[in-house]
Amino acid sequence: MKTILVCAAAWLPCAAYAQPATTYPDKPIRLVVPFAVGGALDVVARIVGQKLTESWGKQVIVDNRLGAGGNIGAEFVAKAAPDGYTLLMSSVTTQAINMSLPAKPPYDFERDYAPASMVASAPLALMIHPALPAKSVKEFIALAKSRPSELNYFSSGVGTGTHLAAVIFDQLAGIKTTHVPYKGAGHAITDLLSGQIQFAFTTIQIALPHLDAGRFRMLGIGSTQRFARMPDLPTIAESGVKGYEAEQWYGVIAPRGTPPVIINKLATELRGIVASADVRERFLSQGIASVSSTPEAFAATIRDNVARFAKVIKTLNLKVE
C-alpha cells in the first residue's frame with residue numbers, strides 16, 4: 001500500500017513532465033534572434049520559423065532582441081521558462097566567441113542552454129569598395145600595408161564574428177586597419193556603398209544585392225573550401241593568408257532544463273526542414289549552406305568552438321572589452 005501511495009504521489013509531476021511530449025507545441029513559439037533584421041542569422045530564423053509554423057500549425061514568432069554583441073537576446077532566452085516556447089537562433093558569436101572573450105557574457109553555455117540542432121553555416125567574405133585599387137587578397141594586403149590604419153571596416157559589434165574575422169585577418173596578414181562597430185547591417189552597408197567604410201568581412205547574403213551591380217568587390221571567402229555557389233572565388237587561405245578561417249554557423253537552442261522529449265522533437269523537425277530541397281535552395285541563394293546535427297553533436301561543436309576561439313584570442317592577445 002505504501003508503494004502504491006508513493007507512486008500515486010509521484011504521478012502528478014511525472015505526468016506534467018511527460019505531457020509536452022504529446023502536446024508540444026500547443027501555443028505560439030518565440031524564436032529570438034540576437035541581431036538586427038536583414039542579416040544572415042535573421043534570414044535563417046525566418047525561413048526556419050516559417051517552415052516550423054507550416055509543419056506544426058503553431059505560429060513561430062521571430063523576435064529580434066539586439067545589442068551587446070548578441071548578449072541581450074541570448075541572456076533573455078537563458079532566463080526564459082524551459083518549456084520549449086522560447087528558443088534562441090544562436091550563432092558562433094553568441095555561443096562560442098562571446099564565451100571566450102575577456103569580458104564574459106551574463107550567461108554560460110553549459111549552465112544555461114540545451115542545444116537542439118545546428119541548421120546552417122555561412123562563410124564570411126572579404127568585401128571592398130570598388131574605388132579601392134585592389135583586385136585580389138594579395139593586392140588588398142599590399143594596399144593596407146601602404147596605408148596603415150587608413151582603411152576602415154565595419155562589424156556588427158565589438159567581439160562579434162565579423163569583428164574577430166577582421167582582427168585575425170590583420171594579425172595573420174601583418175596589416176593594421178581601423179574598426180568601426182555598427183548595431184546593424186543596414187547603416188553599415190550604406191556607409192560601405194558611399195565609401196566612408198572601405199571594406200568588411202561579412203556574409204555573402206548581405207552583399208548579394210550589390211555584387212552584380214558592381215557596388216562591391218568580393219576578393220576572397222573565409223571558409224576552408226570554396227563555396228558551391230561561387231566556385232571561382234578563392235578562399236582567403238589559398239590566397240596567401242595561411243590558416244585563415246572565418247565562417248558563421250547558426251543553430252537553435254533552448255533554455256537549460258527544457259525536457260529532452262521537446263529537444264529531440266525539435267531537433268528531428270529541424271533536421272527534416274534543412275534537408276528539404278526547398279530550404280537548401282533558399283539558403284544557397286542567400287550564400288548560406290544547410291547543416292544539421294543531433295543535440296549531442298551540436299553541443300560538442302559549441303564546446304570545440306569555445307576552446308578554439310579561446311586559444312585564438314589568447315594567441316593573438318586580443319583586447320576586446
# chains A, B, ... in the order shown; residues from 1 in each chain; ligands from 1
$ select_by_dssp --residues "region 182-298 of chain A" --states "strand (DSSP E)" --output "NGL selection string"
:A and (199-203 or 217-221 or 247-255 or 289-290)
$ write_last_selection --atoms "N, CA and C atoms" --output "JSON list (two decimals), in the first residue's frame"
[["chain", "number", "residue", "atom", "x", "y", "z"],
["A", 199, "PHE", "N", 36.06, 48.52, -46.38],
["A", 199, "PHE", "CA", 35.96, 47.07, -46.54],
["A", 199, "PHE", "C", 35.25, 46.46, -45.35],
["A", 200, "ALA", "N", 34.95, 45.17, -45.46],
["A", 200, "ALA", "CA", 34.31, 44.45, -44.36],
["A", 200, "ALA", "C", 34.41, 42.96, -44.60],
["A", 201, "PHE", "N", 34.34, 42.21, -43.52],
["A", 201, "PHE", "CA", 34.16, 40.77, -43.60],
["A", 201, "PHE", "C", 32.69, 40.53, -43.24],
["A", 202, "THR", "N", 31.94, 40.09, -44.20],
["A", 202, "THR", "CA", 30.51, 39.93, -43.97],
["A", 202, "THR", "C", 29.99, 38.72, -44.72],
["A", 203, "THR", "N", 28.78, 38.31, -44.40],
["A", 203, "THR", "CA", 28.19, 37.17, -45.10],
["A", 203, "THR", "C", 27.88, 37.53, -46.54],
["A", 217, "ARG", "N", 33.14, 44.75, -54.37],
["A", 217, "ARG", "CA", 34.03, 43.78, -54.99],
["A", 217, "ARG", "C", 34.38, 42.74, -53.94],
["A", 218, "MET", "N", 34.15, 41.47, -54.25],
["A", 218, "MET", "CA", 34.44, 40.38, -53.33],
["A", 218, "MET", "C", 35.78, 39.77, -53.71],
["A", 219, "LEU", "N", 36.71, 39.74, -52.75],
["A", 219, "LEU", "CA", 38.07, 39.29, -53.07],
["A", 219, "LEU", "C", 38.36, 37.85, -52.64],
["A", 220, "GLY", "N", 37.74, 37.41, -51.57],
["A", 220, "GLY", "CA", 38.02, 36.05, -51.09],
["A", 220, "GLY", "C", 37.01, 35.64, -50.05],
["A", 221, "ILE", "N", 36.98, 34.35, -49.76],
["A", 221, "ILE", "CA", 35.98, 33.81, -48.85],
["A", 221, "ILE", "C", 36.69, 33.12, -47.68],
["A", 247, "GLU", "N", 33.96, 31.68, -40.59],
["A", 247, "GLU", "CA", 32.68, 31.12, -41.03],
["A", 247, "GLU", "C", 31.69, 31.15, -39.87],
["A", 248, "GLN", "N", 30.49, 31.60, -40.15],
["A", 248, "GLN", "CA", 29.44, 31.62, -39.15],
["A", 248, "GLN", "C", 28.66, 30.31, -39.19],
["A", 249, "TRP", "N", 28.21, 29.84, -38.04],
["A", 249, "TRP", "CA", 27.22, 28.77, -38.02],
["A", 249, "TRP", "C", 26.04, 29.21, -37.17],
["A", 250, "TYR", "N", 24.88, 28.65, -37.46],
["A", 250, "TYR", "CA", 23.65, 29.03, -36.79],
["A", 250, "TYR", "C", 22.90, 27.78, -36.34],
["A", 251, "GLY", "N", 22.29, 27.87, -35.17],
["A", 251, "GLY", "CA", 21.54, 26.72, -34.67],
["A", 251, "GLY", "C", 20.51, 27.13, -33.63],
["A", 252, "VAL", "N", 19.60, 26.24, -33.34],
["A", 252, "VAL", "CA", 18.51, 26.51, -32.39],
["A", 252, "VAL", "C", 18.84, 25.87, -31.05],
["A", 253, "ILE", "N", 18.74, 26.67, -29.99],
["A", 253, "ILE", "CA", 18.95, 26.16, -28.64],
["A", 253, "ILE", "C", 17.82, 26.63, -27.74],
["A", 254, "ALA", "N", 17.62, 25.90, -26.67],
["A", 254, "ALA", "CA", 16.57, 26.19, -25.70],
["A", 254, "ALA", "C", 17.20, 26.45, -24.34],
["A", 255, "PRO", "N", 16.43, 26.96, -23.39],
["A", 255, "PRO", "CA", 16.97, 27.13, -22.03],
["A", 255, "PRO", "C", 17.27, 25.77, -21.40],
["A", 289, "ALA", "N", 24.65, 27.70, -46.36],
["A", 289, "ALA", "CA", 24.59, 26.26, -46.56],
["A", 289, "ALA", "C", 23.77, 25.60, -45.46],
["A", 290, "SER", "N", 22.99, 24.59, -45.83],
["A", 290, "SER", "CA", 22.21, 23.83, -44.86],
["A", 290, "SER", "C", 23.12, 22.89, -44.08]]
$ residues_around --residues "Val180 (chain A)" --least-positions-apart "3" --cutoff "8 Å" --atoms "only C-alpha atoms" --output "list in words"
Asn152, Tyr153, Phe154 and Ser155 of chain A
$ closest_atom_pairs --of "region 98-153 of chain A" --to "region 263-278 of chain A" --cutoff "12 Å" --atoms "only C-alpha atoms" --output "tab-separated table"
residue	atom	partner	partner_atom	distance
A:Tyr113	CA	A:Ile263	CA	11.0
A:Ala114	CA	A:Ile263	CA	7.6
A:Pro115	CA	A:Ile263	CA	7.6
A:Ala116	CA	A:Ala267	CA	5.0
A:Ser117	CA	A:Ala267	CA	5.3
A:Met118	CA	A:Leu270	CA	8.4
A:Val119	CA	A:Val274	CA	6.3
A:Ala120	CA	A:Val274	CA	7.8
A:Ser121	CA	A:Val274	CA	11.3
$ write_last_selection --atoms "C-alpha atoms" --output "compact mmCIF listing (two decimals), in the first residue's frame"
# COMPACT_ATOMS: atom_id res chain seq x y z
CA TYR A 113 21.33 26.14 -22.54
CA ALA A 114 20.15 22.92 -24.14
CA PRO A 115 21.22 22.72 -27.83
CA ALA A 116 18.72 21.24 -30.30
CA SER A 117 20.34 21.31 -33.75
CA MET A 118 22.62 23.29 -35.98
CA VAL A 119 20.74 24.47 -39.07
CA ALA A 120 23.10 26.45 -41.32
CA SER A 121 26.54 27.88 -41.93
$ closest_residue --among "A:Pro148, A:Gly84, A:Gly195, A:Gly243" --to "Thr23 (chain A)" --atoms "only C-alpha atoms"
A:Gly84
$ residues_around --residues "Arg30 (chain A)" --least-positions-apart "5" --cutoff "6 Å" --atoms "only C-alpha atoms" --output "JSON list (two decimals) with C-alpha atoms, in the first residue's frame"
[["chain", "number", "residue", "atom", "x", "y", "z"],
["A", 60, "VAL", "CA", 6.66, 30.82, -34.69],
["A", 61, "ILE", "CA", 7.28, 34.48, -33.90],
["A", 85, "TYR", "CA", 8.27, 28.05, -26.19],
["A", 86, "THR", "CA", 11.22, 30.46, -26.05]]
$ residues_around --residues "region 139-141 of chain A" --least-positions-apart "2" --cutoff "9 Å" --atoms "only C-alpha atoms" --output "list in words"
Ile128, Leu132, Pro133, Ala134, Lys135, Ser136, Val137, Leu143, Ala144, Lys145, Ser146, Asp170, Ala173, Gly174, Ile175 and Leu219 of chain A
$ closest_atom_pairs --of "region 135-170 of chain A" --to "region 300-320 of chain A" --cutoff "8 Å" --atoms "only C-alpha atoms" --output "CSV"
residue,atom,partner,partner_atom,distance
A:Val158,CA,A:Val320,CA,7.0
A:Gly159,CA,A:Val320,CA,6.1
A:Ile168,CA,A:Leu316,CA,7.7
$ select_by_dssp --residues "region 139-274 of chain A" --states "alpha helix (DSSP H)" --output "PDB file with C-alpha atoms, in the first residue's frame"
ATOM      1  CA  GLU A 139      46.720  43.347 -53.665  1.00  0.00           C
ATOM      2  CA  PHE A 140      44.448  44.379 -50.804  1.00  0.00           C
ATOM      3  CA  ILE A 141      47.090  43.406 -48.233  1.00  0.00           C
ATOM      4  CA  ALA A 142      49.728  45.378 -50.136  1.00  0.00           C
ATOM      5  CA  LEU A 143      47.405  48.405 -50.212  1.00  0.00           C
ATOM      6  CA  ALA A 144      46.694  48.140 -46.472  1.00  0.00           C
ATOM      7  CA  LYS A 145      50.425  47.944 -45.722  1.00  0.00           C
ATOM      8  CA  SER A 146      50.995  51.136 -47.703  1.00  0.00           C
ATOM      9  CA  GLY A 161      32.259  37.165 -35.611  1.00  0.00           C
ATOM     10  CA  THR A 162      32.585  39.900 -38.226  1.00  0.00           C
ATOM     11  CA  HIS A 163      34.844  41.897 -35.917  1.00  0.00           C
ATOM     12  CA  LEU A 164      37.016  38.942 -34.959  1.00  0.00           C
ATOM     13  CA  ALA A 165      37.306  37.915 -38.629  1.00  0.00           C
ATOM     14  CA  ALA A 166      38.933  41.258 -39.448  1.00  0.00           C
ATOM     15  CA  VAL A 167      41.168  41.270 -36.368  1.00  0.00           C
ATOM     16  CA  ILE A 168      42.506  37.803 -37.170  1.00  0.00           C
ATOM     17  CA  PHE A 169      43.000  38.818 -40.801  1.00  0.00           C
ATOM     18  CA  ASP A 170      45.003  41.867 -39.705  1.00  0.00           C
ATOM     19  CA  GLN A 171      47.166  39.728 -37.455  1.00  0.00           C
ATOM     20  CA  LEU A 172      47.847  36.977 -39.992  1.00  0.00           C
ATOM     21  CA  ALA A 173      48.346  39.373 -42.915  1.00  0.00           C
ATOM     22  CA  ALA A 185      23.919  45.813 -41.217  1.00  0.00           C
ATOM     23  CA  GLY A 186      21.695  48.432 -42.871  1.00  0.00           C
ATOM     24  CA  HIS A 187      23.599  51.589 -41.938  1.00  0.00           C
ATOM     25  CA  ALA A 188      26.941  49.807 -42.256  1.00  0.00           C
ATOM     26  CA  ILE A 189      26.217  48.708 -45.819  1.00  0.00           C
ATOM     27  CA  THR A 190      25.132  52.257 -46.701  1.00  0.00           C
ATOM     28  CA  ASP A 191      28.460  53.585 -45.437  1.00  0.00           C
ATOM     29  CA  LEU A 192      30.368  50.926 -47.364  1.00  0.00           C
ATOM     30  CA  LEU A 193      28.446  51.838 -50.519  1.00  0.00           C
ATOM     31  CA  SER A 194      29.277  55.508 -50.030  1.00  0.00           C
ATOM     32  CA  ILE A 204      27.579  36.754 -48.802  1.00  0.00           C
ATOM     33  CA  GLN A 205      23.861  37.214 -48.133  1.00  0.00           C
ATOM     34  CA  ILE A 206      24.319  40.849 -47.141  1.00  0.00           C
ATOM     35  CA  ALA A 207      26.412  41.672 -50.204  1.00  0.00           C
ATOM     36  CA  LEU A 208      24.471  39.776 -52.891  1.00  0.00           C
ATOM     37  CA  PRO A 209      22.120  42.606 -53.934  1.00  0.00           C
ATOM     38  CA  HIS A 210      25.123  44.845 -54.603  1.00  0.00           C
ATOM     39  CA  LEU A 211      27.674  42.498 -56.150  1.00  0.00           C
ATOM     40  CA  PRO A 260      14.645  16.093 -23.554  1.00  0.00           C
ATOM     41  CA  VAL A 261      11.474  14.935 -25.314  1.00  0.00           C
ATOM     42  CA  ILE A 262      10.920  18.507 -26.526  1.00  0.00           C
ATOM     43  CA  ILE A 263      14.574  18.977 -27.506  1.00  0.00           C
ATOM     44  CA  ASN A 264      14.547  15.735 -29.501  1.00  0.00           C
ATOM     45  CA  LYS A 265      11.239  16.533 -31.179  1.00  0.00           C
ATOM     46  CA  LEU A 266      12.530  19.964 -32.144  1.00  0.00           C
ATOM     47  CA  ALA A 267      15.847  18.559 -33.400  1.00  0.00           C
ATOM     48  CA  THR A 268      14.115  15.948 -35.551  1.00  0.00           C
ATOM     49  CA  GLU A 269      11.860  18.578 -37.104  1.00  0.00           C
ATOM     50  CA  LEU A 270      14.765  20.943 -37.775  1.00  0.00           C
ATOM     51  CA  ARG A 271      16.830  18.244 -39.465  1.00  0.00           C
ATOM     52  CA  GLY A 272      13.942  17.495 -41.790  1.00  0.00           C
ATOM     53  CA  ILE A 273      13.442  21.174 -42.605  1.00  0.00           C
ATOM     54  CA  VAL A 274      17.048  21.973 -43.530  1.00  0.00           C
TER      55      VAL A 274
END
$ closest_residue --among "A:Ser156, A:Ile29, A:Arg280, A:Gly69" --to "Ser292 (chain A)" --atoms "only C-alpha atoms"
A:Arg280
$ closest_residue --among "A:Asp42, A:Glu245, A:Glu238, A:Asp108" --to "Gly222 (chain A)" --atoms "only C-alpha atoms"
A:Glu245
$ atom_distance --atom1 "CA of Gly214 (chain A)" --atom2 "CA of Pro130 (chain A)"
7.3 Å
$ atom_distance --atom1 "CA of Asp83 (chain A)" --atom2 "CA of Pro25 (chain A)"
9.6 Å
$ decode --residues "region 50-137 of chain A" --atoms "C-alpha atoms" --output "compact mmCIF listing (two decimals), in the first residue's frame"
# COMPACT_ATOMS: atom_id res chain seq x y z
CA GLN A 50 8.08 29.72 -41.43
CA LYS A 51 8.69 26.02 -42.01
CA LEU A 52 8.09 25.17 -38.35
CA THR A 53 4.84 27.13 -38.46
CA GLU A 54 3.72 25.22 -41.56
CA SER A 55 4.71 21.86 -40.10
CA TRP A 56 3.31 22.27 -36.60
CA GLY A 57 0.40 24.61 -37.26
CA LYS A 58 1.52 26.91 -34.46
CA GLN A 59 2.91 30.38 -35.12
CA VAL A 60 6.66 30.82 -34.69
CA ILE A 61 7.28 34.48 -33.90
CA VAL A 62 10.75 35.80 -34.78
CA ASP A 63 11.75 38.28 -32.07
CA ASN A 64 14.81 40.44 -32.79
CA ARG A 65 16.43 41.44 -29.49
CA LEU A 66 19.72 43.03 -30.45
CA GLY A 67 22.50 44.68 -28.52
CA ALA A 68 25.74 43.98 -26.64
CA GLY A 69 27.13 41.80 -29.41
CA GLY A 70 24.21 39.38 -29.20
CA ASN A 71 24.29 39.08 -25.40
CA ILE A 72 20.92 40.76 -24.78
CA GLY A 73 18.92 38.27 -26.83
CA ALA A 74 20.98 35.31 -25.64
CA GLU A 75 20.53 36.25 -21.99
CA PHE A 76 16.78 36.69 -22.50
CA VAL A 77 16.49 33.08 -23.64
CA ALA A 78 18.81 31.81 -20.90
CA LYS A 79 16.39 33.22 -18.31
CA ALA A 80 13.19 32.07 -20.06
CA ALA A 81 10.98 29.22 -18.87
CA PRO A 82 12.41 25.86 -20.01
CA ASP A 83 9.24 24.75 -21.76
CA GLY A 84 10.23 24.88 -25.44
CA TYR A 85 8.27 28.05 -26.19
CA THR A 86 11.22 30.46 -26.05
CA LEU A 87 14.14 29.48 -28.29
CA LEU A 88 17.33 31.16 -29.45
CA MET A 89 18.62 31.24 -33.01
CA SER A 90 22.19 31.07 -31.83
CA SER A 91 25.41 31.70 -33.69
CA VAL A 92 29.14 31.19 -33.34
CA THR A 93 29.23 34.72 -31.94
CA THR A 94 26.82 34.26 -29.02
CA GLN A 95 27.68 30.67 -28.12
CA ALA A 96 31.41 30.44 -28.80
CA ILE A 97 33.21 33.75 -29.39
CA ASN A 98 31.47 35.67 -26.60
CA MET A 99 32.21 32.84 -24.18
CA SER A 100 35.91 33.17 -25.00
CA LEU A 101 36.32 36.93 -24.63
CA PRO A 102 37.96 38.53 -21.57
CA ALA A 103 34.65 40.27 -20.74
CA LYS A 104 32.40 37.25 -20.12
CA PRO A 105 28.70 37.43 -21.09
CA PRO A 106 25.94 37.20 -18.46
CA TYR A 107 25.20 33.59 -19.42
CA ASP A 108 27.09 30.31 -19.68
CA PHE A 109 26.71 27.69 -22.38
CA GLU A 110 27.00 24.67 -20.12
CA ARG A 111 24.86 26.09 -17.33
CA ASP A 112 22.09 27.88 -19.23
CA TYR A 113 21.33 26.14 -22.54
CA ALA A 114 20.15 22.92 -24.14
CA PRO A 115 21.22 22.72 -27.83
CA ALA A 116 18.72 21.24 -30.30
CA SER A 117 20.34 21.31 -33.75
CA MET A 118 22.62 23.29 -35.98
CA VAL A 119 20.74 24.47 -39.07
CA ALA A 120 23.10 26.45 -41.32
CA SER A 121 26.54 27.88 -41.93
CA ALA A 122 27.65 30.98 -43.80
CA PRO A 123 31.22 31.81 -44.80
CA LEU A 124 32.38 35.39 -44.30
CA ALA A 125 33.82 37.09 -47.36
CA LEU A 126 36.24 39.98 -47.79
CA MET A 127 34.21 42.75 -49.41
CA ILE A 128 35.73 46.07 -50.52
CA HIS A 129 34.53 49.33 -52.04
CA PRO A 130 35.24 49.22 -55.79
CA ALA A 131 37.16 52.51 -55.64
CA LEU A 132 40.00 50.67 -53.89
CA PRO A 133 42.69 49.64 -56.42
CA ALA A 134 42.79 46.01 -55.33
CA LYS A 135 41.57 43.05 -57.39
CA SER A 136 42.82 40.26 -55.14
CA VAL A 137 43.51 39.49 -51.49
